[in-house]
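Participant: Sharing a structure below in structure tokens format, with a few things to ask.
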Amino acid sequence: MGINAKMNELQAAMGLCVLDEIEQISADRETVTEAYSHFLDGKFQKQRIQAGASYNHAYYPIALENEVKVIELMSSLRDSGVLARRYFYPSLDSVAVLEATSTACSESRKLSDRIVCLPIYSGLNAEEIEMISRKVSEVAR
């Protein structure tokens, strides 16, 4: 039904390796977020961060018009060597093991079908961000 989300020893060791660089990595991810926002703001429904909340820039989700556009975008990006993910898909109320105990959440299902998370990591350069943003804009037209 679920997963045991504990880190194993290798994952913990990798985490310790980057711990000294975590502030720079966080700053880099914030820069990527700002760059995407520069190119894409006003074009898509985006996650709203509540005023006063801290934000770690772990994801850059955008909601496209429909699932067909999501699949088209992911294919276009993949053809360019870029991996985008559907982190919030499917809606949990549609997972078979949970269906018997959950209430259908139509809004959650509609939104999860339309969300794609753009790549965001330290080391993503300005040219790559611009190319990704251009492909997103082309598909969304």
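Order determines the names: the first chain of the structure tokens is A, the second B, and so forth; residues in each chain are numbered 1 upward, and ligands are numbered 1 upward as they are shown.
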Quick one: residues within 12 Å of A:Tyr87, only C-alpha atoms counted, chain neighbours fewer than 5 positions away excluded, as a PDB file with C-alpha atoms, in the first residue's frame?
Facilitator:
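So the final result, stored in part39.pdb, reads:
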```pdb
ATOM      1  CA  ALA A  58      12.151  21.399  -4.874  1.00  0.00           C
ATOM      2  CA  TYR A  59       9.650  21.429  -7.753  1.00  0.00           C
ATOM      3  CA  TYR A  60       8.499  23.729 -10.547  1.00  0.00           C
ATOM      4  CA  PRO A  61       5.011  22.437 -11.348  1.00  0.00           C
ATOM      5  CA  ILE A  62       2.877  24.031 -14.036  1.00  0.00           C
ATOM      6  CA  LEU A  92      -4.352   9.470  -4.905  1.00  0.00           C
ATOM      7  CA  LEU A 111      -5.512  18.902 -11.791  1.00  0.00           C
ATOM      8  CA  SER A 112      -3.210  15.876 -11.485  1.00  0.00           C
ATOM      9  CA  ASP A 113      -3.861  15.046 -15.143  1.00  0.00           C
ATOM     10  CA  ARG A 114      -2.635  18.514 -16.195  1.00  0.00           C
ATOM     11  CA  ILE A 115       0.474  18.995 -14.025  1.00  0.00           C
ATOM     12  CA  VAL A 116       4.038  18.551 -15.185  1.00  0.00           C
ATOM     13  CA  CYS A 117       7.115  19.434 -13.144  1.00  0.00           C
ATOM     14  CA  LEU A 118       9.935  21.048 -15.060  1.00  0.00           C
ATOM     15  CA  PRO A 119      13.513  20.036 -14.266  1.00  0.00           C
TER      16      PRO A 119
END
```
Participant: Which neighbours of stretch 28-38 of chain A fall inside 7 Å, counting only C-alpha atoms, when residues of the same chain fewer than 4 positions from it are skipped, and could you give them as a VMD selection string?
Facilitator: chain A and resid 24 57 60 120 to 122 129 133
Participant: Restrict the selected residues to C-alpha atoms and save them as a PDB file, in the first residue's frame.
Facilitator:
```pdb
ATOM      1  CA  GLN A  24      24.730  26.985  -2.679  1.00  0.00           C
ATOM      2  CA  HIS A  57      12.432  25.181  -4.708  1.00  0.00           C
ATOM      3  CA  TYR A  60       8.499  23.729 -10.547  1.00  0.00           C
ATOM      4  CA  ILE A 120      15.040  22.055 -11.453  1.00  0.00           C
ATOM      5  CA  TYR A 121      18.509  21.352 -10.129  1.00  0.00           C
ATOM      6  CA  SER A 122      21.783  23.024  -9.358  1.00  0.00           C
ATOM      7  CA  ILE A 129      16.248  26.915 -18.985  1.00  0.00           C
ATOM      8  CA  SER A 133      10.766  27.399 -21.445  1.00  0.00           C
TER       9      SER A 133
END
```
Participant: Taking the DSSP assignment computed from this structure's backbone, write out as a list in words all residues of stretch 5-72 of chain A that belong to strand (DSSP E or B).
Facilitator: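 In stretch 5-72 of chain A, DSSP puts these residues in strand (DSSP E or B): Gln45, Lys46, Pro61, Ile62 and Ala63 of chain A.
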Participant: For the residues selected in the previous step, produce a file with N, CA and C atoms as a PDB file, in the first residue's frame.
Facilitator:
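Final file, part.pdb:
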```pdb
ATOM      1  N   GLN A  45      -1.063  28.189 -15.144  1.00  0.00           N
ATOM      2  CA  GLN A  45      -1.474  28.126 -13.747  1.00  0.00           C
ATOM      3  C   GLN A  45      -0.306  27.509 -12.985  1.00  0.00           C
ATOM      4  N   LYS A  46       0.118  28.193 -11.928  1.00  0.00           N
ATOM      5  CA  LYS A  46       1.255  27.725 -11.140  1.00  0.00           C
ATOM      6  C   LYS A  46       0.862  27.593  -9.675  1.00  0.00           C
ATOM      7  N   PRO A  61       6.179  22.988 -10.654  1.00  0.00           N
ATOM      8  CA  PRO A  61       5.011  22.437 -11.348  1.00  0.00           C
ATOM      9  C   PRO A  61       4.239  23.513 -12.099  1.00  0.00           C
ATOM     10  N   ILE A  62       3.776  23.162 -13.293  1.00  0.00           N
ATOM     11  CA  ILE A  62       2.877  24.031 -14.036  1.00  0.00           C
ATOM     12  C   ILE A  62       1.681  23.176 -14.464  1.00  0.00           C
ATOM     13  N   ALA A  63       0.533  23.819 -14.581  1.00  0.00           N
ATOM     14  CA  ALA A  63      -0.670  23.127 -15.038  1.00  0.00           C
ATOM     15  C   ALA A  63      -0.951  23.555 -16.472  1.00  0.00           C
TER      16      ALA A  63
END
```
Participant: Set the distance at 12 Å and use only C-alpha atoms: which residues neighbour A:Glu138 once local chain neighbours fewer than 5 positions away are removed? I'd like the list as an MDAnalysis selection string.
Facilitator: chainID A and resid 40 43 64 69 72:73 76:77 131:133
Participant: With C-alpha atoms retained, could you export that selection as an mmCIF file, in the first residue's frame?
Facilitator:
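Result went into result22.cif, see below:
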```cif
data_model
loop_
_atom_site.group_PDB
_atom_site.id
_atom_site.type_symbol
_atom_site.label_atom_id
_atom_site.label_comp_id
_atom_site.auth_asym_id
_atom_site.auth_seq_id
_atom_site.Cartn_x
_atom_site.Cartn_y
_atom_site.Cartn_z
ATOM 1 C CA LEU A 40 6.723 31.524 -18.091
ATOM 2 C CA LYS A 43 1.253 31.795 -19.235
ATOM 3 C CA LEU A 64 -1.279 22.832 -18.761
ATOM 4 C CA LYS A 69 -0.624 18.848 -23.742
ATOM 5 C CA GLU A 72 3.066 16.337 -25.874
ATOM 6 C CA LEU A 73 5.350 18.520 -23.732
ATOM 7 C CA SER A 76 9.041 17.217 -26.917
ATOM 8 C CA LEU A 77 11.371 17.682 -23.964
ATOM 9 C CA MET A 131 15.206 26.113 -24.310
ATOM 10 C CA ILE A 132 12.895 24.279 -21.880
ATOM 11 C CA SER A 133 10.766 27.399 -21.445
#
```
Participant: Among stretch 46-96 of chain A, which residues carry a DSSP assignment of alpha helix (DSSP H), reported as a count of residues only?
Facilitator: 14
Participant: Would you mind reading off the distance between atom CA of A:Asn56 and atom CA of A:Val82, one decimal, in Å?
Facilitator: 21.9 Å
Participant: Grab the atom CA of A:Asp93 to atom CA of A:Arg78 distance for me, in Å with one decimal place.
Facilitator: 28.5 Å
